[in-house]
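Shown next: protein-v2.cif, given as mmCIF, C-alpha atoms and all ligand atoms.
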```
data_my_file
#
loop_
_atom_site.label_atom_id
_atom_site.label_comp_id
_atom_site.auth_asym_id
_atom_site.auth_seq_id
_atom_site.Cartn_x
_atom_site.Cartn_y
_atom_site.Cartn_z
CA VAL A 91 -15.12 20.60 -8.97
CA SER A 92 -16.73 17.56 -10.43
CA ASP A 93 -15.45 16.03 -13.58
CA THR A 94 -18.43 15.20 -15.70
CA GLY A 95 -16.46 13.27 -18.26
CA THR A 96 -16.55 13.41 -22.02
CA GLN A 97 -19.58 11.27 -22.74
CA ALA A 98 -22.91 13.03 -22.92
CA ALA A 99 -25.66 11.19 -21.09
CA SER A 100 -28.62 10.21 -23.22
CA GLU A 101 -32.08 11.15 -22.02
CA ASP A 102 -33.31 7.84 -20.70
CA GLU A 103 -30.01 6.99 -19.05
CA PRO A 104 -29.17 8.29 -15.58
CA PRO A 105 -26.43 10.93 -15.69
CA PRO A 106 -22.97 9.74 -14.68
CA VAL A 107 -22.38 9.83 -10.90
CA ALA A 108 -20.48 13.02 -10.07
CA GLY A 109 -17.75 11.70 -12.36
CA LEU A 110 -15.10 9.07 -11.86
CA PHE A 111 -12.48 11.66 -10.96
CA ALA A 112 -14.77 13.81 -8.76
CA ASP A 113 -12.52 13.42 -5.71
CA VAL A 114 -9.41 14.38 -7.65
CA VAL A 115 -9.66 18.08 -6.96
CA GLY A 116 -7.80 20.86 -8.75
CA GLN A 117 -5.74 18.49 -10.94
CA ARG A 118 -7.21 19.21 -14.34
CA ARG A 119 -4.02 18.39 -16.25
CA ALA A 120 -3.28 15.16 -14.39
CA VAL A 121 -6.89 14.00 -14.81
CA SER A 122 -6.91 14.63 -18.55
CA GLN A 123 -3.59 12.76 -18.86
CA LEU A 124 -5.03 9.81 -16.91
CA ARG A 125 -8.22 9.78 -18.98
CA ALA A 126 -6.20 9.76 -22.18
CA ALA A 127 -3.84 7.08 -20.82
CA ALA A 128 -6.75 4.78 -19.93
CA ARG A 129 -7.65 4.50 -23.62
CA ARG A 130 -4.29 3.01 -24.64
CA PRO A 131 -2.37 2.16 -21.47
CA VAL A 132 1.30 1.27 -21.21
CA HIS A 133 2.51 -1.06 -18.44
CA ALA A 134 3.33 1.38 -15.62
CA TYR A 135 2.36 4.82 -14.31
CA LEU A 136 3.87 6.84 -11.50
CA LEU A 137 1.63 9.47 -9.91
CA HIS A 138 3.79 11.88 -7.95
CA GLY A 139 3.03 15.07 -6.04
CA PRO A 140 2.70 16.57 -2.54
CA PRO A 141 0.82 14.76 0.26
CA GLY A 142 -2.92 15.44 0.33
CA SER A 143 -3.02 16.27 -3.39
CA GLY A 144 -5.48 13.47 -4.17
CA MET A 145 -3.12 10.88 -5.66
CA ALA A 146 -4.77 7.97 -3.83
CA ALA A 147 -8.19 8.92 -5.22
CA GLY A 148 -6.58 9.54 -8.61
CA ALA A 149 -4.93 6.10 -8.65
CA LEU A 150 -8.21 4.36 -7.84
CA ALA A 151 -10.24 6.31 -10.39
CA PHE A 152 -7.56 5.56 -12.99
CA ALA A 153 -7.71 1.86 -12.06
CA ALA A 154 -11.48 1.96 -12.61
CA ALA A 155 -10.98 3.57 -16.02
CA LEU A 156 -8.48 0.80 -16.91
CA ILE A 157 -10.76 -2.02 -15.74
CA CYS A 158 -14.18 -0.71 -16.85
CA PRO A 159 -15.15 -2.08 -20.31
CA ASP A 160 -16.41 1.44 -21.15
CA GLY A 161 -13.17 3.14 -20.14
CA GLY A 162 -14.44 4.39 -16.79
CA CYS A 163 -18.17 5.11 -16.91
CA GLY A 164 -18.33 5.55 -13.13
CA ARG A 165 -21.64 3.63 -13.02
CA CYS A 166 -21.07 -0.01 -13.89
CA ASN A 167 -20.44 -2.86 -11.53
CA HIS A 168 -16.72 -2.88 -12.40
CA CYS A 169 -16.28 0.85 -11.73
CA ARG A 170 -18.14 0.66 -8.43
CA ARG A 171 -16.20 -2.35 -7.17
CA VAL A 172 -12.85 -0.80 -8.14
CA LEU A 173 -13.72 2.46 -6.35
CA ALA A 174 -14.74 0.43 -3.30
CA GLY A 175 -11.40 -1.43 -3.49
CA ILE A 176 -13.02 -4.87 -3.87
CA HIS A 177 -12.62 -5.76 -7.56
CA PRO A 178 -10.80 -9.11 -8.09
CA ASP A 179 -8.65 -7.59 -10.87
CA LEU A 180 -7.47 -4.78 -8.63
CA LEU A 181 -4.74 -5.15 -6.04
CA GLU A 182 -4.17 -2.12 -3.85
CA VAL A 183 -1.15 -2.28 -1.57
CA GLU A 184 -0.65 0.27 1.18
CA ARG A 185 2.27 0.17 3.56
CA THR A 186 1.32 -0.61 7.14
CA GLY A 187 4.53 0.67 8.67
CA ALA A 188 7.09 3.39 8.19
CA GLN A 189 8.51 1.63 5.13
CA LEU A 190 7.07 -0.31 2.25
CA GLU A 191 8.23 -3.76 3.32
CA MET A 192 9.53 -6.76 1.37
CA ASP A 193 6.41 -8.86 1.88
CA GLU A 194 4.27 -5.98 0.64
CA ALA A 195 6.44 -5.73 -2.49
CA ARG A 196 6.30 -9.54 -2.86
CA ALA A 197 2.50 -9.48 -2.84
CA VAL A 198 2.70 -7.21 -5.87
CA THR A 199 5.35 -9.33 -7.60
CA ALA A 200 3.31 -12.49 -7.16
CA ARG A 201 0.12 -10.89 -8.46
CA ALA A 202 1.87 -9.33 -11.47
CA GLN A 203 2.26 -12.79 -13.04
CA ARG A 204 -1.35 -13.85 -12.54
CA ARG A 205 -3.91 -13.58 -15.33
CA PRO A 206 -6.86 -11.21 -14.84
CA LEU A 207 -10.04 -12.94 -13.66
CA GLU A 208 -12.95 -10.87 -14.94
CA VAL A 209 -11.70 -8.37 -17.50
CA GLU A 210 -8.84 -8.03 -19.97
CA ARG A 211 -6.35 -6.52 -17.59
CA GLN A 212 -5.53 -6.29 -13.92
CA VAL A 213 -4.32 -3.16 -12.15
CA LEU A 214 -1.81 -3.21 -9.31
CA VAL A 215 -1.89 0.00 -7.26
CA LEU A 216 1.06 0.51 -4.96
CA HIS A 217 1.08 3.57 -2.71
CA ASP A 218 4.07 5.46 -1.29
CA VAL A 219 6.79 3.81 -3.38
CA HIS A 220 9.16 6.58 -2.27
CA LEU A 221 9.28 4.66 1.02
CA ALA A 222 10.38 1.40 -0.61
CA GLU A 223 14.02 1.38 0.46
CA ARG A 224 14.61 -2.30 1.11
CA ALA A 225 11.89 -3.36 -1.32
CA ALA A 226 13.06 -1.13 -4.19
CA PRO A 227 15.21 -3.82 -5.94
CA ALA A 228 12.32 -6.30 -5.91
CA LEU A 229 9.94 -3.69 -7.30
CA ARG A 230 12.47 -2.68 -9.91
CA LYS A 231 12.59 -6.23 -11.19
CA THR A 232 8.81 -6.61 -11.19
CA THR A 233 8.18 -3.42 -13.13
CA GLU A 234 10.80 -4.44 -15.71
CA GLU A 235 8.74 -6.84 -17.80
CA PRO A 236 5.23 -7.38 -16.52
CA PRO A 237 2.78 -9.51 -18.55
CA ALA A 238 0.87 -7.44 -21.11
CA SER A 239 -2.35 -7.78 -19.11
CA THR A 240 -0.87 -6.12 -16.00
CA VAL A 241 -0.77 -2.35 -15.42
CA PHE A 242 1.12 -0.84 -12.47
CA VAL A 243 -0.09 2.39 -10.89
CA LEU A 244 2.42 3.71 -8.34
CA THR A 245 2.15 6.80 -6.17
CA ALA A 246 4.95 8.78 -4.51
CA THR A 247 5.25 12.12 -2.72
CA ASP A 248 8.94 12.26 -3.48
CA LEU A 249 11.38 10.83 -6.04
CA PRO A 250 14.45 9.61 -4.10
CA PRO A 251 17.49 8.13 -5.93
CA GLN A 252 16.52 4.49 -5.27
CA LEU A 253 13.35 5.18 -7.25
CA ALA A 254 15.12 6.59 -10.31
CA THR A 255 15.18 3.35 -12.31
CA ILE A 256 11.57 2.48 -11.50
CA ALA A 257 10.46 6.05 -12.29
CA SER A 258 12.26 5.93 -15.63
CA ARG A 259 10.16 2.89 -16.65
CA CYS A 260 6.88 4.61 -15.82
CA VAL A 261 4.84 7.29 -17.49
CA ARG A 262 4.97 10.02 -14.87
CA ILE A 263 1.85 12.01 -14.00
CA ARG A 264 2.45 15.04 -11.83
CA PHE A 265 -0.05 16.18 -9.15
CA ASP A 266 0.22 19.74 -7.83
CA VAL A 267 -0.59 21.37 -4.50
CA VAL A 268 -4.37 21.81 -4.66
CA PRO A 269 -5.23 25.50 -5.16
CA THR A 270 -7.05 27.00 -2.17
CA ALA A 271 -9.98 28.04 -4.39
CA ALA A 272 -10.40 24.43 -5.57
CA VAL A 273 -10.33 23.12 -1.98
CA GLU A 274 -12.95 25.72 -1.07
CA ALA A 275 -15.24 24.83 -3.99
CA TRP A 276 -14.89 21.13 -3.14
CA LEU A 277 -15.92 21.78 0.48
CA VAL A 278 -18.91 23.89 -0.59
CA ALA A 279 -20.00 21.16 -3.02
CA ASP A 280 -19.78 18.78 -0.06
CA GLY A 281 -22.24 20.92 1.92
CA VAL A 282 -19.85 23.01 4.03
CA PRO A 283 -21.21 26.59 4.47
CA PRO A 284 -19.25 29.01 2.21
CA ASP A 285 -17.70 31.21 4.93
CA ARG A 286 -16.54 28.19 6.89
CA ALA A 287 -15.26 26.57 3.67
CA ALA A 288 -13.13 29.64 2.88
CA THR A 289 -11.47 29.62 6.32
CA VAL A 290 -10.91 25.86 6.30
CA ALA A 291 -9.50 25.92 2.75
CA ALA A 292 -7.00 28.62 3.69
CA ALA A 293 -5.85 26.64 6.74
CA ALA A 294 -5.60 23.37 4.80
CA ARG A 295 -2.60 24.65 2.84
CA GLY A 296 -3.49 22.72 -0.30
CA ARG A 297 -4.15 19.42 1.49
CA LEU A 298 -7.52 17.78 0.91
CA ASP A 299 -7.10 15.33 3.80
CA ARG A 300 -6.55 18.19 6.24
CA ALA A 301 -9.44 20.20 4.77
CA GLN A 302 -11.78 17.27 5.31
CA VAL A 303 -10.88 16.88 8.98
CA LEU A 304 -10.95 20.63 9.71
CA ALA A 305 -14.35 20.99 8.06
CA ALA A 306 -15.72 18.50 10.58
CA ASP A 307 -13.88 20.05 13.55
CA HIS A 308 -16.28 22.43 15.22
CA GLY A 309 -13.71 23.89 17.61
CA PHE A 310 -11.55 25.02 14.72
CA LEU A 311 -13.12 28.46 14.07
CA ALA A 312 -13.20 29.27 17.80
CA ARG A 313 -9.49 28.46 18.05
CA LEU A 314 -8.68 30.77 15.15
CA GLU A 315 -10.74 33.52 16.77
CA ARG A 316 -8.57 33.20 19.89
CA TRP A 317 -5.45 33.68 17.69
CA ARG A 318 -7.00 36.73 16.06
CA THR A 319 -7.57 38.50 19.36
CA ALA A 320 -4.40 37.19 21.03
CA PRO A 321 -2.45 40.50 21.02
CA THR A 322 -5.04 42.07 23.35
CA ALA A 323 -3.75 39.77 26.11
CA LEU A 324 -0.27 41.31 25.90
CA ASP A 325 0.54 44.02 28.43
CA GLY A 326 4.22 44.53 27.67
CA THR A 327 5.46 42.07 30.32
CA GLY A 328 7.31 38.80 29.66
CA ALA A 329 4.93 37.01 32.02
CA ALA A 330 1.90 37.86 29.88
CA ALA A 331 3.78 36.77 26.73
CA ALA A 332 4.72 33.42 28.34
CA GLN A 333 1.18 32.80 29.53
CA LEU A 334 -0.29 33.55 26.12
CA ALA A 335 2.29 31.30 24.42
CA ALA A 336 1.27 28.43 26.71
CA GLU A 337 -2.40 29.06 25.97
CA LEU A 338 -1.90 29.09 22.19
CA LEU A 339 0.16 25.89 22.30
CA ALA A 340 -2.60 24.25 24.34
CA LEU A 341 -5.03 25.24 21.56
CA ALA A 342 -2.83 23.41 19.05
CA ASP A 343 -3.07 20.33 21.28
CA GLU A 344 -6.85 20.60 21.25
CA GLY A 345 -6.66 20.72 17.46
CA LEU A 346 -5.11 17.23 17.48
CA GLU A 347 -8.31 15.62 18.70
CA PRO A 348 -10.00 14.99 15.33
CA LEU A 349 -6.76 13.54 13.98
CA ARG A 350 -6.46 11.26 17.01
CA ASN A 351 -10.05 10.12 16.53
CA ARG A 352 -9.27 9.26 12.92
CA GLN A 353 -6.15 7.34 13.97
CA ALA A 354 -8.07 5.43 16.64
CA ALA A 355 -10.67 4.48 14.03
CA GLU A 356 -7.90 3.23 11.74
CA LEU A 357 -6.48 1.00 14.49
CA GLU A 358 -9.96 -0.31 15.25
CA THR A 359 -10.53 -1.25 11.61
CA LEU A 360 -7.14 -2.96 11.39
CA ALA A 361 -7.76 -4.84 14.63
CA ALA A 362 -11.12 -6.06 13.32
CA GLN A 363 -9.48 -7.18 10.06
CA ALA A 364 -6.74 -8.98 11.97
CA GLU A 365 -9.28 -10.76 14.15
CA GLU A 366 -11.28 -11.79 11.10
CA ALA A 367 -8.11 -13.23 9.56
CA GLY A 368 -7.36 -15.10 12.78
CA ALA A 369 -4.22 -13.09 13.59
CA ARG A 370 -3.28 -12.35 17.18
CA GLY A 371 -2.87 -8.61 16.63
CA ILE A 372 -2.25 -5.91 14.05
CA ALA A 373 0.91 -6.61 12.05
CA GLY A 374 3.46 -3.83 12.42
CA ARG A 375 1.44 -2.06 15.08
CA ARG A 376 4.47 -0.21 16.40
CA GLN A 377 5.28 1.22 12.96
CA ILE A 378 1.69 2.36 12.59
CA GLU A 379 1.93 4.14 15.92
CA ASP A 380 5.22 5.72 14.78
CA ARG A 381 3.46 6.97 11.68
CA HIS A 382 0.64 8.37 13.82
CA ARG A 383 3.17 10.30 15.91
CA ARG A 384 4.73 11.75 12.76
CA GLU A 385 1.26 12.75 11.53
CA GLU A 386 0.59 14.45 14.86
CA ARG A 387 3.80 16.49 14.73
CA ARG A 388 3.01 17.65 11.20
CA TRP A 389 -0.61 18.33 12.08
CA ARG A 390 0.34 20.39 15.12
CA ALA A 391 2.80 22.46 13.09
CA ASP A 392 0.13 23.06 10.43
CA ASP A 393 -2.29 24.13 13.17
CA LEU A 394 0.25 26.62 14.51
CA ARG A 395 0.81 27.90 10.96
CA ALA A 396 -2.94 28.45 10.53
CA GLY A 397 -2.94 30.34 13.85
CA LEU A 398 0.03 32.46 12.83
CA ALA A 399 -1.61 33.24 9.48
CA THR A 400 -4.75 34.38 11.34
CA LEU A 401 -2.67 36.51 13.68
CA ALA A 402 -0.87 38.06 10.70
CA GLY A 403 -4.23 38.72 9.02
CA ALA A 404 -5.45 40.53 12.14
CA GLU A 405 -2.31 42.70 12.30
CA ARG A 406 -2.61 43.42 8.58
CA ASP A 407 -6.24 44.51 9.09
CA ARG A 408 -5.08 46.87 11.86
CA LEU A 409 -2.40 48.26 9.55
CA VAL A 410 -4.86 48.80 6.69
CA ALA A 411 -7.39 50.43 9.02
CA HIS A 412 -4.66 52.66 10.33
CA VAL A 413 -3.40 53.75 6.93
CA THR A 414 -6.87 54.41 5.52
CA THR A 415 -8.38 56.19 8.54
CA PRO A 416 -8.03 60.00 8.20
CA SER A 417 -5.99 61.52 11.03
CA ALA A 418 -7.83 63.37 13.80
CA THR A 419 -6.75 66.77 12.48
CA GLY A 420 -8.24 66.00 9.08
CA GLY A 421 -4.94 66.80 7.41
CA PRO A 422 -3.67 64.53 4.62
CA ALA A 423 -0.16 63.99 6.08
CA PRO A 424 0.14 61.34 8.81
CA SER A 425 1.42 62.56 12.15
CA HIS A 426 4.63 61.24 13.71
CA GLY A 427 2.64 58.88 15.97
CA ASP A 428 0.86 57.37 12.96
CA ALA A 429 4.14 56.64 11.22
CA ALA A 430 5.49 54.97 14.38
CA GLU A 431 2.36 52.80 14.62
CA GLU A 432 2.74 51.76 10.98
CA ILE A 433 6.36 50.80 11.53
CA ARG A 434 5.33 48.83 14.63
CA LEU A 435 2.65 46.85 12.77
CA VAL A 436 4.90 46.19 9.76
CA ARG A 437 7.57 44.91 12.15
CA HIS A 438 4.99 42.60 13.75
CA LEU A 439 4.12 41.16 10.35
CA GLY A 440 7.81 40.46 9.70
CA ALA A 441 8.17 38.74 13.09
CA ILE A 442 5.10 36.53 12.45
CA ASP A 443 6.41 35.58 9.00
CA ALA A 444 9.79 34.67 10.47
CA ALA A 445 8.12 32.51 13.15
CA ALA A 446 6.07 30.65 10.52
CA ALA A 447 9.23 30.01 8.48
CA ALA A 448 11.05 28.77 11.60
CA LEU A 449 8.33 26.13 12.14
CA ASP A 450 9.66 24.38 9.02
CA ARG A 451 13.04 23.99 10.70
CA ASN A 452 11.87 21.81 13.57
CA VAL A 453 12.48 24.38 16.30
CA ASN A 454 11.21 24.22 19.88
CA GLU A 455 7.67 25.50 19.47
CA GLY A 456 7.37 26.80 23.05
CA LEU A 457 10.47 28.96 22.80
CA LEU A 458 9.50 30.12 19.33
CA MET A 459 6.03 31.26 20.39
CA GLU A 460 7.31 32.97 23.52
CA ALA A 461 9.97 34.89 21.56
CA LEU A 462 7.37 35.95 18.99
CA LEU A 463 4.91 37.17 21.61
CA VAL A 464 7.64 39.15 23.37
CA ASP A 465 8.31 40.75 19.97
CA LEU A 466 4.63 41.62 19.65
CA SER A 467 4.53 43.04 23.21
CA ASP A 468 5.73 46.52 22.31
CA LEU A 469 2.62 48.50 23.05
CA ALA A 470 1.25 51.34 20.98
CA ASP A 471 1.87 54.84 22.39
ZN ZN B 501 -17.62 1.47 -15.68
#
```
Transcribe the structure of this file into structure tokens.
Ligand SMILES: [Zn+2]
Amino acid sequence: VSDTGTQAASEDEPPPVAGLFADVVGQRRAVSQLRAAARRPVHAYLLHGPPGSGMAAGALAFAAALICPDGGCGRCNHCRRVLAGIHPDLLEVERTGAQLEMDEARAVTARAQRRPLEVERQVLVLHDVHLAERAAPALRKTTEEPPASTVFVLTATDLPPQLATIASRCVRIRFDVVPTAAVEAWLVADGVPPDRAATVAAAARGRLDRAQVLAADHGFLARLERWRTAPTALDGTGAAAAQLAAELLALADEGLEPLRNRQAAELETLAAQAEEAGARGIAGRRQIEDRHRREERRWRADDLRAGLATLAGAERDRLVAHVTTPSATGGPAPSHGDAAEEIRLVRHLGAIDAAAAALDRNVNEGLLMEALLVDLSDLAD
């Protein structure tokens, strides 16, 4: 999990803190590219990959490696201030609304021309450039010919056409979906008990941000257990299927709570910053709330997917138990009833898979769940 770096620690020196890139999990190739790049940097880098793949942590660690006089020791005053986001030769710009706005792009443009204050170069980190529709032309111009002492580090989860020119001027570093095993090892290293870490990692679907919240959500395992035993509530009637669907959707709502807590904390921090700066309120508050609603929709769908995966796992276990249990007569050939039960369970697995795929298409979740549970209501003989 942790990247211990290339320098061996001498005996009287404390060992490097977990490593500059310790929070960049499961991205061995990207990390080695960034480490190599930090030794002889060009003027612009574009980190691109799926959400939750650790690009924000990667961008900051890379910035530290660019600013640190030792190429990113992870220990010095420069490294620590960059990682904390407070180094004067680091500018980190994050969008506050749905789009990266003109004034946010302008902040970068203005800083690009300035000379570094403490070290030889300054690093401008700009997140989510795939959302720079209106600001793209301004950014394009800025990244064209920056002063030699300025390095751009951009991140994007997508490479839309308006980004093509900017992307072509950058060295591109690809981040991948974090492998489940890497998420699990990261959680264990963070003190999460191994069995819990395995379940959380599977439900995080390669997203470190989701893994972190789920690991702290103590209702999560109980909710999954309800999904696992859900079929026992089905009695073959539509009414039972509808009631169970409503119950499982309510569980997904419960799952939103840790996300909502995190969002509330974000608004509190922004409000405090605004007050400190003498502003009347948070700039772009409505866009932030829009973003929170989008996060909630995605979160809820991911929660339902984790539930469906648990349900599928339970049905698969039943199927395996069925196939491997010797029949009552002791004979090797399965009876007709056994074959029918196998077909039934295999059909269930297909229906659950189809429901999970349908979630990607923005369907009505209530109708989807009800239809699935009716499908699963055919009782064994
Ligand atoms: Zn350092």
Taking only C-alpha atoms and all ligand atoms into account, which of A:Arg390, A:Arg170, A:Arg316, A:Arg286 comes nearest ligand ZN 501 (chain B)?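 Of A:Arg390, A:Arg170, A:Arg316, A:Arg286, the one nearest ligand ZN 501 (chain B), counting only C-alpha atoms and all ligand atoms, is A:Arg170.
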Please identify all polymer residues within 12 Å of Val261 of chain A, counting all atoms listed in the file, omitting same-chain residues fewer than 3 positions from it, and present them as a PyMOL selection string. chain A and resi 120+123-124+127+131-138+241-245+256-258+264
Chain A near ligand ZN 501 (chain B) within 8 Å: what's each residue's closest atom pair and its distance in Å to one decimal, counting all atoms listed in the file, ordered by chain then ascending residue number, as JSON lines?
```
{"residue": "A:Ala154", "atom": "CA", "partner": "B:ZN501", "partner_atom": "ZN", "distance": 6.9}
{"residue": "A:Ala155", "atom": "CA", "partner": "B:ZN501", "partner_atom": "ZN", "distance": 7.0}
{"residue": "A:Ile157", "atom": "CA", "partner": "B:ZN501", "partner_atom": "ZN", "distance": 7.7}
{"residue": "A:Cys158", "atom": "CA", "partner": "B:ZN501", "partner_atom": "ZN", "distance": 4.2}
{"residue": "A:Pro159", "atom": "CA", "partner": "B:ZN501", "partner_atom": "ZN", "distance": 6.3}
{"residue": "A:Asp160", "atom": "CA", "partner": "B:ZN501", "partner_atom": "ZN", "distance": 5.6}
{"residue": "A:Gly161", "atom": "CA", "partner": "B:ZN501", "partner_atom": "ZN", "distance": 6.5}
{"residue": "A:Gly162", "atom": "CA", "partner": "B:ZN501", "partner_atom": "ZN", "distance": 4.5}
{"residue": "A:Cys163", "atom": "CA", "partner": "B:ZN501", "partner_atom": "ZN", "distance": 3.9}
{"residue": "A:Gly164", "atom": "CA", "partner": "B:ZN501", "partner_atom": "ZN", "distance": 4.9}
{"residue": "A:Arg165", "atom": "CA", "partner": "B:ZN501", "partner_atom": "ZN", "distance": 5.3}
{"residue": "A:Cys166", "atom": "CA", "partner": "B:ZN501", "partner_atom": "ZN", "distance": 4.2}
{"residue": "A:Asn167", "atom": "CA", "partner": "B:ZN501", "partner_atom": "ZN", "distance": 6.6}
{"residue": "A:His168", "atom": "CA", "partner": "B:ZN501", "partner_atom": "ZN", "distance": 5.5}
{"residue": "A:Cys169", "atom": "CA", "partner": "B:ZN501", "partner_atom": "ZN", "distance": 4.2}
{"residue": "A:Arg170", "atom": "CA", "partner": "B:ZN501", "partner_atom": "ZN", "distance": 7.3}
```
The distance between atom CA of Trp317 of chain A and atom CA of Arg395 of chain A is 10.9 Å
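Between Met459 of chain A and the candidates A:Cys260, A:Leu311, A:Leu221, A:Ala444, the tightest atom-to-atom separation, counting only C-alpha atoms, involves A:Ala444.
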May I have the protein, DNA and RNA residues with an atom at most 6 Å from (-5.1, 9.1, -13.2), counting all atoms listed in the file in the file's coordinates, returned as number ranges by chain? A: 121, 124, 148-149, 152
Between atom CA of Gly139 of chain A and atom CA of Asp266 of chain A, measure the distance and give it in Å to one decimal.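 If I compute the distance from atom CA of Gly139 of chain A to atom CA of Asp266 of chain A, I get 5.7 Å.
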Length of the atom CA of Ala293 of chain A to atom CA of Ala331 of chain A vector [Å]: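 That distance, rounded to one decimal, is 24.4 Å.
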